[in-house]
Structure formats: C-alpha cells, structure tokens
Protein chains: 2
Amino acid sequence: MSNHSVAQTSAPASEPADSEIIESGEFPRSVNWSNPRVRAILEAAAECFSKGGFTATTLADIGRELGLRKSIVHYYFTSKAALVHEVQSFSYGRYLEAIRSSFEARAEGSVGDALSALWGTLTQSSAIRGLNIELWSEGRRDPELRARAETLQDEARALIAQHLGSAGPFTAREADDLATVTLSLLDGLTVLAEREGSDERAHRAFAAFLKLLDRKQN
Amino acid sequence: MSNHSVAQTSAPASEPADSEIIESGEFPRSVNWSNPRVRAILEAAAECFSKGGFTATTLADIGRELGLRKSIVHYYFTSKAALVHEVQSFSYGRYLEAIRSSFEARAEGSVGDALSALWGTLTQSSAIRGLNIELWSEGRRDPELRARAETLQDEARALIAQHLGSAGPFTAREADDLATVTLSLLDGLTVLAEREGSDERAHRAFAAFLKLLDRKQN
C-alpha cells in the first residue's frame, strides 16, 4: 500500500477501506489539488479553520462537514499539521492568482485600477480573510508555517513591485517598499473588515490610499 | 465576602485565603490597574497569551509565571474571559496612550513626525504586537471582544483623524479615511514584523507611506 499515489486517484471510488488505511501507516504523499475530493476537503478545512481556529478544529470535524469518515480525510492528509500547510498553500495560491489576474486584466490601465480589481477579488471571500487571520496567529507558534508564508509573501510583493516599477516614477527600492505597504494595508484592512463585519470603511480607506499613490505617480 | 473590593486592595498582603475565595463565588468586580498585583497579572497574562494563544493558556499557567496559586489569579479575575477582556483593555489603553503622547510631543512638528514617533513606540514591544494578532483571532469567536476592539479603534482613529485634519489639506472625510489607512497599515506591518522576526522591512515601508502622505500635504 505504501506507494499508493493520490496523484493518480481522481475519484472517491478508489479510496481504500479503513483497514487498508490503518495498514498503510504515515507516508509522505503529494497532494493533488485537481482531485475533486482533495479540493472539497481543502475548502471544508478552510471553512472550519476560519470558523473555529486551528487548535479547536479536528480532522473529524472537517470530515463531518462533507459526510466523510475521519479515516478518509486522514488518507489524503497524514496529519492535521499537513492539512494546515496545504490549506495555507491553497489559500495563498488563490491570493497570488488574484494578484496576477488583476494585473493582466488591467495591462493597459493604471496600477490603481489593477489594485482596485485585486481589492475587489479579495473582499469576495470572507472565508479566506478569516483564514488569513488564523494563519497569522498559528504561524506565531509554527516556524514552518511562518517560513512558507514568507516565501509566498515575497512572491506577492515581487509581483506588485514589478508593476509599480514599470508603471510609475518609482525607483526599484520605492516600488518594493510601496508593494510592502500595499500588501500590509490589505492585511490590516482584512482585520478591520472582519471586526466590523462590513467592507464599507475598509473600501473607502483603500480608495484613499490609491489616491495617495496616484498623486505620487502624477 | 461579597463586597470585598479589589479597588481598595493595593497590596498582596490583603488577598484572602483560598477558603475565603471559594466561599465568595463569582461576583462582578472592578479591576484596579494601579494595583501592582493586578498589573503584574495583566502583564504576565499578556506574555502568556501572546506566546501560547488564548485557547491553550490557562489561569494556572499565568499564575505559574508569577509564582502565584491559580486561586489568587482567580480572586482578581473571575474567569479567563474576564482576564482576556482586561488584557485587551490594558493593551489598547497603552496603544491610545502611545498615540496621544506621540502627537503631544510633536505638537510643533508635522503629522509625519508624530506618526514616526508612534511607530517607534509600537515597535518597542513585541509582546503587544503578538497579543494583537491573538486578539484578532480570538475576536472572530468572541463578539464582546470584537465590540470592545471596535470602540477602542474608533477612539484611535478619531485621534489620528483630528491631527491629520488640523495639520494638512485634508477634508474631514479624507482625514478619517487616511486615519483608517494609517491604523490598518500599522496592523498589517505588525503581521509582517512578527512573521519576519524583524522590523527592518516594516520600518522602510512605513517611511515610504509617510512620504506619500507628506507629498499629499505639500
């Protein structure tokens, strides 16, 4: 059983019986995000972690959301830590994708337009916002989670800095610093919107920031 | 025992014996921040919550930090929830004080100078930064904590907006929005500095933001 690969498992029908899972033990396994079952578990996990926090959420809770036995969740994710890390990657993957597509869609427009589009995408999912806050808290006690977050943030910052640098009167250093400001402001506005249960004030604040940035460009 | 007041208790010597505490039951009690014992418990609690998160930290853990029995902690704070709320107020009280004193000290200088001073104060304490992240996470599951955070944020925003409004070319609405931007950016930079274990990049980003703000003023 130990070379049973999830990457080749695209349908729940090929999931093993409980007895087989128990025999297989814990072995490293790459998670295939295109597997519908894997995606469903990641999405349910993101919801559960966002709602209850990491400490209080069990693999059984996540399985229950989908009507799955805990052993099936455990089959795809060998431990809760592994699932937390995959949920992080999955969520950051979407975040990077939102940045990329915002800049691509506005290739002809201003950086401000692209950042507005990014803000629009990010405010669509309150589950992702909640999850981010839980990841910051959990990352304070999990160095691997923190290291992974840093890698993903570096990538996000580079994407934004590249566009600020090519579009405005900014030096490479200024573009890098303002990309940090943009990402950190988005994080802080996440906290605000979650606290207020509304995007309204956060939305106005982001618009005010874009005006400052725009003024600098002109 | 039920009218025993902590406000009049300034020395550990007047703490009751365990048997008295058990008899007294849970009764509402105002917490006196000028009581050295109360301050010591609040500071130890802030450290413990910041280090381990709220869920995993017990009143006994906090007592252990100070060499106190759990019953003594319980004497001043009737429940963990009460202690969490007091730690929040204590921490936000310091935050507001940092804002006030930054603006007072720079009464003759620019808003940028005052915000630089505020940034300097906030970056001095990594325990407060860590605690804030834990409070955001906990607040997602505790409506009272969230409501209290909102009140305190409103106060902080009003303080900053007032100074931006009186110092710059901003309308009241712009000053309010830019105060939101400032506070949210400070929150986001907290996340960044905690993740990186260093203030360096956050510091550069805040300076870049102050330059944008300054340009708008001129």
# chains A, B, ... in the order shown; residues from 1 in each chain; ligands from 1

$ select_by_dssp --residues "range 104-135 of chain A" --states "helix (DSSP H, G or I)" --output "JSON, numbers by chain"
{"A": [104, 105, 111, 112, 113, 114, 115, 116, 117, 118, 119, 120, 121, 122, 126, 127, 128, 129, 130, 131, 132, 133, 134, 135]}

$ residues_around --residues "Ala40 in chain B" --least-positions-apart "4" --cutoff "8 Å" --atoms "only C-alpha atoms" --output "JSON, numbers by chain"
{"B": [36, 44, 66]}

$ interface_residues --of "chain B" --to "chain A" --cutoff "9 Å" --atoms "only C-alpha atoms" --output "JSON, numbers by chain"
{"B": [50, 51, 52, 53, 55, 56, 130, 133, 134, 136, 137, 138, 139, 140, 141, 146, 147, 149, 150, 174, 176, 177, 178, 179, 180, 181, 182, 183, 184, 185, 186, 187, 188, 189, 190, 191, 192, 194, 195, 196, 201, 202, 204, 205, 206, 207, 208, 209, 212, 213, 215, 216]}

$ residues_around --residues "range 92-108 of chain A" --least-positions-apart "3" --cutoff "6 Å" --atoms "only C-alpha atoms" --output "list in words"
Ser89, Ala114, Ala117 and Leu118 of chain A

$ write_last_selection --atoms "all heavy atoms" --output "CSV table (one decimal), in the first residue's frame"
chain,number,residue,atom,x,y,z
A,89,SER,N,-1.2,26.8,1.6
A,89,SER,CA,-0.7,26.9,0.2
A,89,SER,C,-1.9,27.1,-0.8
A,89,SER,O,-1.8,27.9,-1.7
A,89,SER,CB,0.0,25.5,-0.3
A,89,SER,OG,1.1,25.3,0.5
A,114,ALA,N,-5.6,48.2,-11.3
A,114,ALA,CA,-5.3,46.8,-11.1
A,114,ALA,C,-5.4,46.5,-9.6
A,114,ALA,O,-6.0,45.5,-9.2
A,114,ALA,CB,-3.8,46.5,-11.5
A,117,ALA,N,-9.0,46.2,-8.7
A,117,ALA,CA,-9.5,44.9,-9.1
A,117,ALA,C,-9.1,43.8,-8.0
A,117,ALA,O,-9.9,43.0,-7.7
A,117,ALA,CB,-9.0,44.6,-10.5
A,118,LEU,N,-7.8,43.9,-7.6
A,118,LEU,CA,-7.3,43.0,-6.6
A,118,LEU,C,-8.2,43.1,-5.3
A,118,LEU,O,-8.6,42.1,-4.8
A,118,LEU,CB,-5.9,43.3,-6.3
A,118,LEU,CG,-5.2,42.5,-5.1
A,118,LEU,CD1,-5.3,41.0,-5.4
A,118,LEU,CD2,-3.8,43.0,-4.9

$ closest_residue --among "A:Arg64, A:His163, A:Arg37, A:Arg129" --to "Phe77 in chain A" --atoms "only C-alpha atoms"
A:Arg37

$ atom_distance --atom1 "CA of Glu155 in chain B" --atom2 "CA of Trp119 in chain A"
26.1 Å

$ atom_distance --atom1 "CA of Glu47 in chain B" --atom2 "CA of Ala60 in chain B"
13.8 Å

$ atom_distance --atom1 "CA of Ile62 in chain B" --atom2 "CA of Thr78 in chain B"
13.9 Å
